[in-house]
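*Asks:* Data file model-v5.csv (CSV, C-alpha atoms and all ligand atoms) is appended below.
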```
chain,number,residue,atom,x,y,z
A,415,MET,CA,87.0,49.0,165.1
A,416,ILE,CA,86.6,52.7,164.5
A,417,LYS,CA,89.1,55.2,165.8
A,418,ILE,CA,88.2,58.2,167.9
A,419,ALA,CA,90.2,61.4,167.7
A,420,PRO,CA,89.3,63.9,170.4
A,421,SER,CA,89.9,67.4,169.1
A,422,ILE,CA,91.7,69.4,171.8
A,423,LEU,CA,90.1,72.6,170.5
A,424,SER,CA,87.3,72.0,173.0
A,425,ALA,CA,89.7,71.1,175.9
A,426,ASP,CA,90.7,73.4,178.8
A,427,PHE,CA,93.8,75.0,177.4
A,428,SER,CA,95.0,76.0,180.9
A,429,LYS,CA,95.6,72.3,181.6
A,430,LEU,CA,96.2,70.7,178.2
A,431,GLY,CA,98.5,68.0,179.5
A,432,THR,CA,96.0,66.5,181.9
A,433,GLU,CA,93.2,66.9,179.4
A,434,ILE,CA,95.1,64.8,176.9
A,435,GLN,CA,96.0,62.2,179.4
A,436,ASP,CA,92.4,62.0,180.4
A,437,VAL,CA,91.2,61.2,176.9
A,438,GLU,CA,94.1,58.8,176.3
A,439,GLN,CA,93.1,56.8,179.4
A,440,ALA,CA,89.5,57.0,178.2
A,441,GLY,CA,90.4,55.1,175.1
A,442,ALA,CA,91.1,57.7,172.4
A,443,ASP,CA,93.1,56.6,169.3
A,444,TYR,CA,94.6,59.9,168.1
A,445,ILE,CA,94.9,63.4,169.5
A,446,HIS,CA,93.4,65.8,167.0
A,447,VAL,CA,95.2,69.1,166.9
A,448,ASP,CA,93.4,72.0,165.2
A,449,VAL,CA,95.8,74.6,163.9
A,450,MET,CA,94.2,77.9,162.7
A,451,ASP,CA,95.9,81.0,161.3
A,452,GLY,CA,93.2,83.7,161.3
A,453,HIS,CA,93.5,83.9,157.4
A,454,PHE,CA,92.3,80.6,156.0
A,455,VAL,CA,89.8,80.4,158.8
A,456,PRO,CA,88.4,83.1,161.1
A,457,ASN,CA,90.1,81.9,164.3
A,458,ILE,CA,93.6,81.6,165.7
A,459,THR,CA,94.6,78.6,167.8
A,460,ILE,CA,97.9,76.9,168.3
A,461,GLY,CA,101.3,76.6,166.7
A,462,PRO,CA,104.2,74.2,166.6
A,463,LEU,CA,105.3,75.3,170.1
A,464,ILE,CA,102.1,74.0,171.7
A,465,ALA,CA,102.2,70.8,169.7
A,466,ALA,CA,105.8,70.2,170.9
A,467,SER,CA,104.8,70.9,174.5
A,468,ILE,CA,101.9,68.4,174.5
A,469,LYS,CA,103.9,65.6,172.7
A,470,PRO,CA,105.6,64.3,175.9
A,471,HIS,CA,102.2,64.0,177.6
A,472,THR,CA,100.8,61.3,175.4
A,473,GLN,CA,101.7,58.0,173.6
A,474,LEU,CA,99.0,58.6,171.0
A,475,PRO,CA,99.7,59.9,167.5
A,476,LEU,CA,99.3,63.6,167.1
A,477,ASP,CA,96.8,64.1,164.2
A,478,VAL,CA,97.6,67.7,163.1
A,479,HIS,CA,94.8,69.4,161.1
A,480,LEU,CA,96.3,72.5,159.4
A,481,MET,CA,93.7,75.2,158.6
A,482,ILE,CA,96.4,77.6,157.4
A,483,GLU,CA,97.7,79.3,154.3
A,484,ASN,CA,101.3,78.7,153.3
A,485,ALA,CA,101.3,75.3,154.9
A,486,ASP,CA,104.6,74.5,153.3
A,487,HIS,CA,106.3,77.0,155.5
A,488,TYR,CA,105.1,75.4,158.7
A,489,ILE,CA,105.1,71.6,157.9
A,490,PRO,CA,108.8,71.1,159.0
A,491,ALA,CA,108.1,72.7,162.3
A,492,PHE,CA,105.0,70.6,163.0
A,493,ALA,CA,107.0,67.5,162.0
A,494,GLU,CA,109.8,68.5,164.4
A,495,ALA,CA,107.2,69.1,167.1
A,496,GLY,CA,106.2,65.4,166.9
A,497,ALA,CA,103.2,65.2,164.5
A,498,SER,CA,102.4,61.7,163.3
A,499,ILE,CA,99.9,62.8,160.7
A,500,ILE,CA,99.7,66.3,159.0
A,501,THR,CA,96.6,67.1,157.0
A,502,VAL,CA,96.3,70.0,154.7
A,503,HIS,CA,93.3,71.7,153.0
A,504,GLN,CA,92.9,71.2,149.3
A,505,GLU,CA,91.5,74.8,149.2
A,506,ALA,CA,94.6,76.3,150.8
A,507,SER,CA,97.1,74.3,148.8
A,508,PRO,CA,97.7,75.5,145.2
A,509,HIS,CA,100.4,72.9,144.7
A,510,LEU,CA,98.8,70.1,146.7
A,511,HIS,CA,100.9,67.3,145.3
A,512,ARG,CA,104.1,69.1,146.2
A,513,THR,CA,102.8,69.8,149.7
A,514,ILE,CA,101.8,66.2,150.3
A,515,GLN,CA,105.3,65.1,149.2
A,516,LEU,CA,106.9,67.6,151.5
A,517,ILE,CA,104.9,66.1,154.5
A,518,LYS,CA,106.1,62.6,153.5
A,519,GLN,CA,109.7,63.8,153.2
A,520,GLN,CA,109.5,64.7,156.9
A,521,GLY,CA,108.7,61.1,157.7
A,522,VAL,CA,105.1,62.0,158.6
A,523,LYS,CA,101.9,60.6,157.3
A,524,ALA,CA,100.1,62.9,154.9
A,525,GLY,CA,96.4,63.8,154.8
A,526,VAL,CA,94.2,65.9,152.6
A,527,VAL,CA,91.0,67.6,153.8
A,528,ILE,CA,88.1,69.3,152.0
A,529,ASN,CA,85.5,71.8,153.2
A,530,PRO,CA,81.7,71.2,153.0
A,531,ALA,CA,81.4,73.2,149.8
A,532,THR,CA,84.3,71.5,148.0
A,533,PRO,CA,83.4,68.7,145.5
A,534,VAL,CA,85.1,65.5,146.4
A,535,GLU,CA,86.4,65.3,142.8
A,536,MET,CA,89.0,67.9,143.8
A,537,ILE,CA,91.0,65.3,145.7
A,538,ARG,CA,90.6,62.3,143.4
A,539,ASP,CA,94.0,62.6,141.7
A,540,ILE,CA,95.9,62.9,145.0
A,541,LEU,CA,94.3,59.8,146.6
A,542,PRO,CA,97.2,57.4,145.6
A,543,ASP,CA,99.6,59.8,147.5
A,544,VAL,CA,97.8,60.2,150.8
A,545,ASP,CA,97.6,58.2,154.1
A,546,LEU,CA,94.4,59.9,155.2
A,547,VAL,CA,91.4,61.7,153.7
A,548,LEU,CA,89.5,64.1,156.0
A,549,ILE,CA,86.0,65.1,155.1
A,550,MET,CA,84.8,68.3,156.9
A,551,THR,CA,81.2,68.2,158.1
A,552,VAL,CA,81.3,71.8,159.4
A,553,ASN,CA,83.0,74.9,158.1
A,554,PRO,CA,86.3,74.9,159.8
A,555,GLY,CA,87.1,77.5,162.4
A,556,PHE,CA,85.2,76.6,165.6
A,557,GLY,CA,84.1,73.7,167.7
A,558,GLY,CA,80.5,73.0,168.7
A,559,GLN,CA,78.9,73.6,165.3
A,560,SER,CA,76.1,71.5,163.7
A,561,PHE,CA,76.8,68.6,161.4
A,562,ILE,CA,76.4,69.4,157.7
A,563,PRO,CA,75.1,66.1,156.1
A,564,SER,CA,76.4,66.7,152.6
A,565,GLY,CA,79.7,65.1,153.8
A,566,ILE,CA,78.1,61.7,153.9
A,567,LYS,CA,78.0,61.3,150.1
A,568,LYS,CA,81.6,62.4,149.9
A,569,ILE,CA,82.7,59.7,152.5
A,570,GLU,CA,80.8,57.1,150.4
A,571,GLN,CA,82.5,58.3,147.2
A,572,VAL,CA,86.0,58.3,148.7
A,573,ALA,CA,85.4,54.8,150.1
A,574,ARG,CA,84.3,53.6,146.6
A,575,TRP,CA,87.4,55.1,145.1
A,576,ARG,CA,89.6,53.5,147.8
A,577,LYS,CA,88.2,50.1,146.8
A,578,GLU,CA,88.3,50.7,143.1
A,579,TYR,CA,91.9,51.9,143.1
A,580,ASP,CA,93.0,49.4,145.7
A,581,LEU,CA,94.3,52.1,148.1
A,582,ALA,CA,94.7,52.0,151.9
A,583,PHE,CA,94.2,55.5,153.2
A,584,GLU,CA,92.1,56.1,156.3
A,585,ILE,CA,88.8,58.1,156.0
A,586,GLU,CA,88.3,60.6,158.8
A,587,VAL,CA,85.4,62.9,159.4
A,588,ASP,CA,85.4,66.2,161.4
A,589,GLY,CA,82.7,68.5,162.7
A,590,GLY,CA,79.5,68.0,164.7
A,591,ILE,CA,80.2,64.4,165.5
A,592,ASN,CA,78.2,63.0,168.4
A,593,THR,CA,76.0,59.9,169.2
A,594,ASP,CA,73.4,61.1,166.6
A,595,THR,CA,75.8,61.7,163.7
A,596,ALA,CA,78.7,59.2,164.2
A,597,LYS,CA,76.8,56.2,162.7
A,598,LEU,CA,75.9,58.1,159.5
A,599,CYS,CA,79.6,58.5,158.9
A,600,THR,CA,80.8,55.0,159.8
A,601,ASP,CA,78.0,53.5,157.7
A,602,ALA,CA,79.3,55.6,154.8
A,603,GLY,CA,82.8,54.3,155.3
A,604,ALA,CA,84.6,56.5,157.8
A,605,ASP,CA,87.3,54.9,159.9
A,606,VAL,CA,88.2,57.8,162.2
A,607,LEU,CA,85.8,60.1,164.0
A,608,VAL,CA,87.0,63.5,165.2
A,609,ALA,CA,85.0,64.8,168.1
A,610,GLY,CA,85.7,68.0,170.1
A,611,SER,CA,82.7,69.2,172.1
A,612,ALA,CA,81.1,65.7,172.4
A,613,ILE,CA,84.1,64.5,174.4
A,614,PHE,CA,85.8,67.5,176.0
A,615,LYS,CA,82.6,69.3,177.1
A,616,THR,CA,81.5,66.4,179.2
A,617,GLN,CA,82.8,65.5,182.7
A,618,ASN,CA,83.2,61.8,182.0
A,619,ARG,CA,85.3,61.4,178.8
A,620,GLN,CA,85.4,57.7,179.1
A,621,GLN,CA,81.6,57.6,179.0
A,622,ALA,CA,81.5,60.0,176.1
A,623,ILE,CA,84.0,57.9,174.0
A,624,THR,CA,82.1,54.6,174.9
A,625,ASP,CA,78.8,56.2,174.0
A,626,ILE,CA,80.1,57.2,170.5
A,627,ARG,CA,81.6,53.7,170.0
A,628,GLN,CA,78.2,52.2,171.0
A,629,SER,CA,76.2,54.5,168.8
A,630,VAL,CA,77.9,53.3,165.6
A,631,LYS,CA,77.2,49.6,166.5
A,632,LYS,CA,73.4,50.0,166.8
B,1,LIG,C1,86.7,72.7,163.3
B,1,LIG,C2,87.8,71.7,163.8
B,1,LIG,C3,87.2,70.5,164.4
B,1,LIG,C4,86.5,70.9,165.7
B,1,LIG,C5,85.4,69.9,165.9
B,1,LIG,O1,87.3,73.7,162.6
B,1,LIG,O2,88.5,71.2,162.6
B,1,LIG,O3,88.2,69.6,164.7
B,1,LIG,O4,87.3,71.0,166.8
B,1,LIG,O5,84.6,70.2,167.0
B,1,LIG,P1,83.2,69.6,167.3
B,1,LIG,O6,83.4,68.1,167.4
B,1,LIG,O7,82.7,70.3,168.5
B,1,LIG,O8,82.3,69.9,166.0
B,2,ZN,ZN,89.9,69.5,163.0
```
Let me see the file written as structure tokens.

*Replies:*
Amino acid sequence: MIKIAPSILSADFSKLGTEIQDVEQAGADYIHVDVMDGHFVPNITIGPLIAASIKPHTQLPLDVHLMIENADHYIPAFAEAGASIITVHQEASPHLHRTIQLIKQQGVKAGVVINPATPVEMIRDILPDVDLVLIMTVNPGFGGQSFIPSGIKKIEQVARWRKEYDLAFEIEVDGGINTDTAKLCTDAGADVLVAGSAIFKTQNRQQAITDIRQSVKK
């Protein structure tokens, strides 16, 4: 069964606790937390303080997607805040192997993510060290953008490598996921679907999650 990770970027930030409880009750698997610094991406969102404050409101794993420079400086704080998974961008991590080890030293699962224009080959050598690979299907920075289909071939390639090297990381996809695009990703090998606007911009989140799950079965 595929996992659904609602991205709180599209939630109502004035009532984040109830928004998260709403998607947990609606059948979400992870809470996807988008952290942006205004440098690596042209937007600023939330920091460790907010992650820590939402943690008591959910039993679900916090799936923290760091879109920041100098991630090493902030990883301990996000681990302390209760992150279950911390994912860093290959493009923002000059010493990616060291950064992945740092995440694991905190007792947190480690993920790596690539942007739409980054060749999947850039993460090949780190695959044995990660718990999760995230393929971006929008340029990170904002919710509600259109799906960029070039990510599909990357999901397929990462799934092939996972099999070939006998690895067990999860494959997650993020950006423009809805009932039209979800199946393209799961057919390619994705296990976890991040969805922001397709879930939080609807009134009935349970229906939205059910619709995505149904769409990948057809
Ligand atoms: C984009 C974020 C995504 C975003 C997805 O920078 O990483 O997680 O919230 O939003 P939708 O699902 O609306 O494309
Ligand atoms: Zn994200």

*Asks:* Throw together the list of residues within 8 Å of ligand LIG 1 (chain B), counting only C-alpha atoms and all ligand atoms, and drop it here as a ChimeraX atom specification.

*Replies:* /A:420-424,446-448,479,481,550,552-561,588-592,608-613

*Asks:* Which one of A:Glu433, A:Asp605, A:Asp486, A:Glu505 sits closest to Lys417 in chain A if you count only C-alpha atoms?

*Replies:*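 Looking at the shortest contact to Lys417 in chain A, the residue is A:Asp605.
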
*Asks:* Between A:Asp580, A:Asp601, A:Asp477, A:Glu494, which residue has the minimum interatomic distance to ligand ZN 2 (chain B), considering all atoms listed in the file?

*Replies:*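 Checking each candidate against ligand ZN 2 (chain B), we get A:Asp477 as the closest.
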
*Asks:* Can you find the residues with an atom no farther than 9 Å from (85.7, 70.5, 150.9), counting all atoms listed in the file, and report them as a list in words?

*Replies:*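 Protein and nucleic acid residues near the point are His503, Gln504, Glu505, Val527, Ile528, Asn529, Pro530, Ala531, Thr532, Pro533, Val534, Met536, Ile549, Met550, Thr551, Asn553 and Gly565 of chain A.
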
*Asks:* So which one's closest to ligand ZN 2 (chain B), A:His511, A:Glu570, A:Leu474, A:Leu607? Using all atoms listed in the file, please.

*Replies:* A:Leu607

*Asks:* Using only C-alpha atoms for the distances, tell me which of A:His453, A:Lys631, A:Arg619, A:Lys518 is nearest to Glu483 in chain A.

*Replies:*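 Closest candidate: A:His453.
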
*Asks:* Let me make sure I understand: among A:Val478, A:Lys568, A:Gln519, A:Ile416, which one has the smallest atom-to-atom distance to Pro462 in chain A if we use all atoms listed in the file?

*Replies:*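 Checking each of A:Val478, A:Lys568, A:Gln519, A:Ile416 against Pro462 in chain A, counting all atoms listed in the file, the winner is A:Val478.
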
*Asks:* Nearest to ligand ZN 2 (chain B) among A:Met415, A:Ile540, A:Leu476, A:Ala604, with distances taken over all atoms listed in the file: which residue is it?

*Replies:*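 Once distances to ligand ZN 2 (chain B) are computed over all atoms listed in the file, the minimum belongs to A:Leu476.
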
*Asks:* Name all residues at most 6 Å from Ile418 in chain A (count only C-alpha atoms; drop same-chain ones fewer than 5 positions away) and give them as number ranges by chain.

*Replies:* A: 442-443, 606-607

*Asks:* Would you work out the distance separating CA of Ser498 in chain A from CA of Val522 in chain A, expressed in Å to one decimal?

*Replies:* 5.4 Å

*Asks:* Within 9 Å of (99.3, 75.2, 167.7) (coordinates as in the file), grab all the protein and nucleic acid residues, counting all atoms listed in the file, and write them out as a VMD selection string.

*Replies:* chain A and resid 447 to 450 458 to 466 478 492

*Asks:* For a test of reading the model, state the distance in Å between CA of Phe583 in chain A and CA of Ala596 in chain A, rounded to one decimal.

*Replies:*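 For CA of Phe583 in chain A relative to CA of Ala596 in chain A, the distance reads 19.4 Å.
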
*Asks:* Can you tell me how far CA of Asp539 in chain A sits from CA of Ile517 in chain A, in Å to one decimal?

*Replies:* 17.2 Å

*Asks:* Missing atoms in range 454-467 of chain A: can you complete it with N, CA and C atoms, as a compact mmCIF listing (two decimals), in the frame of the given file?

*Replies:*
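Once written, part-v3.txt looks like this:
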```
# COMPACT_ATOMS: atom_id res chain seq x y z
N PHE A 454 93.07 81.62 156.65
CA PHE A 454 92.30 80.60 156.00
C PHE A 454 90.95 80.39 156.68
N VAL A 455 90.99 80.47 158.00
CA VAL A 455 89.80 80.40 158.80
C VAL A 455 89.73 81.52 159.80
N PRO A 456 88.52 81.91 160.21
CA PRO A 456 88.40 83.10 161.10
C PRO A 456 88.61 82.82 162.55
N ASN A 457 89.73 82.20 162.86
CA ASN A 457 90.10 81.90 164.30
C ASN A 457 91.56 81.65 164.32
N ILE A 458 92.15 81.85 165.48
CA ILE A 458 93.60 81.60 165.70
C ILE A 458 93.69 80.61 166.85
N THR A 459 94.45 79.53 166.66
CA THR A 459 94.60 78.60 167.80
C THR A 459 96.01 78.38 168.16
N ILE A 460 96.56 77.26 167.75
CA ILE A 460 97.90 76.90 168.30
C ILE A 460 98.90 76.70 167.21
N GLY A 461 100.16 76.77 167.59
CA GLY A 461 101.30 76.60 166.70
C GLY A 461 102.16 75.43 167.06
N PRO A 462 103.30 75.29 166.38
CA PRO A 462 104.20 74.20 166.60
C PRO A 462 104.71 74.12 168.08
N LEU A 463 104.82 75.26 168.73
CA LEU A 463 105.30 75.30 170.10
C LEU A 463 104.40 74.52 171.05
N ILE A 464 103.10 74.71 170.88
CA ILE A 464 102.10 74.00 171.70
C ILE A 464 102.13 72.51 171.37
N ALA A 465 102.19 72.22 170.08
CA ALA A 465 102.20 70.80 169.70
C ALA A 465 103.41 70.10 170.32
N ALA A 466 104.56 70.76 170.29
CA ALA A 466 105.80 70.20 170.90
C ALA A 466 105.61 70.00 172.40
N SER A 467 104.91 70.94 173.02
CA SER A 467 104.80 70.90 174.50
C SER A 467 103.81 69.82 174.95
```
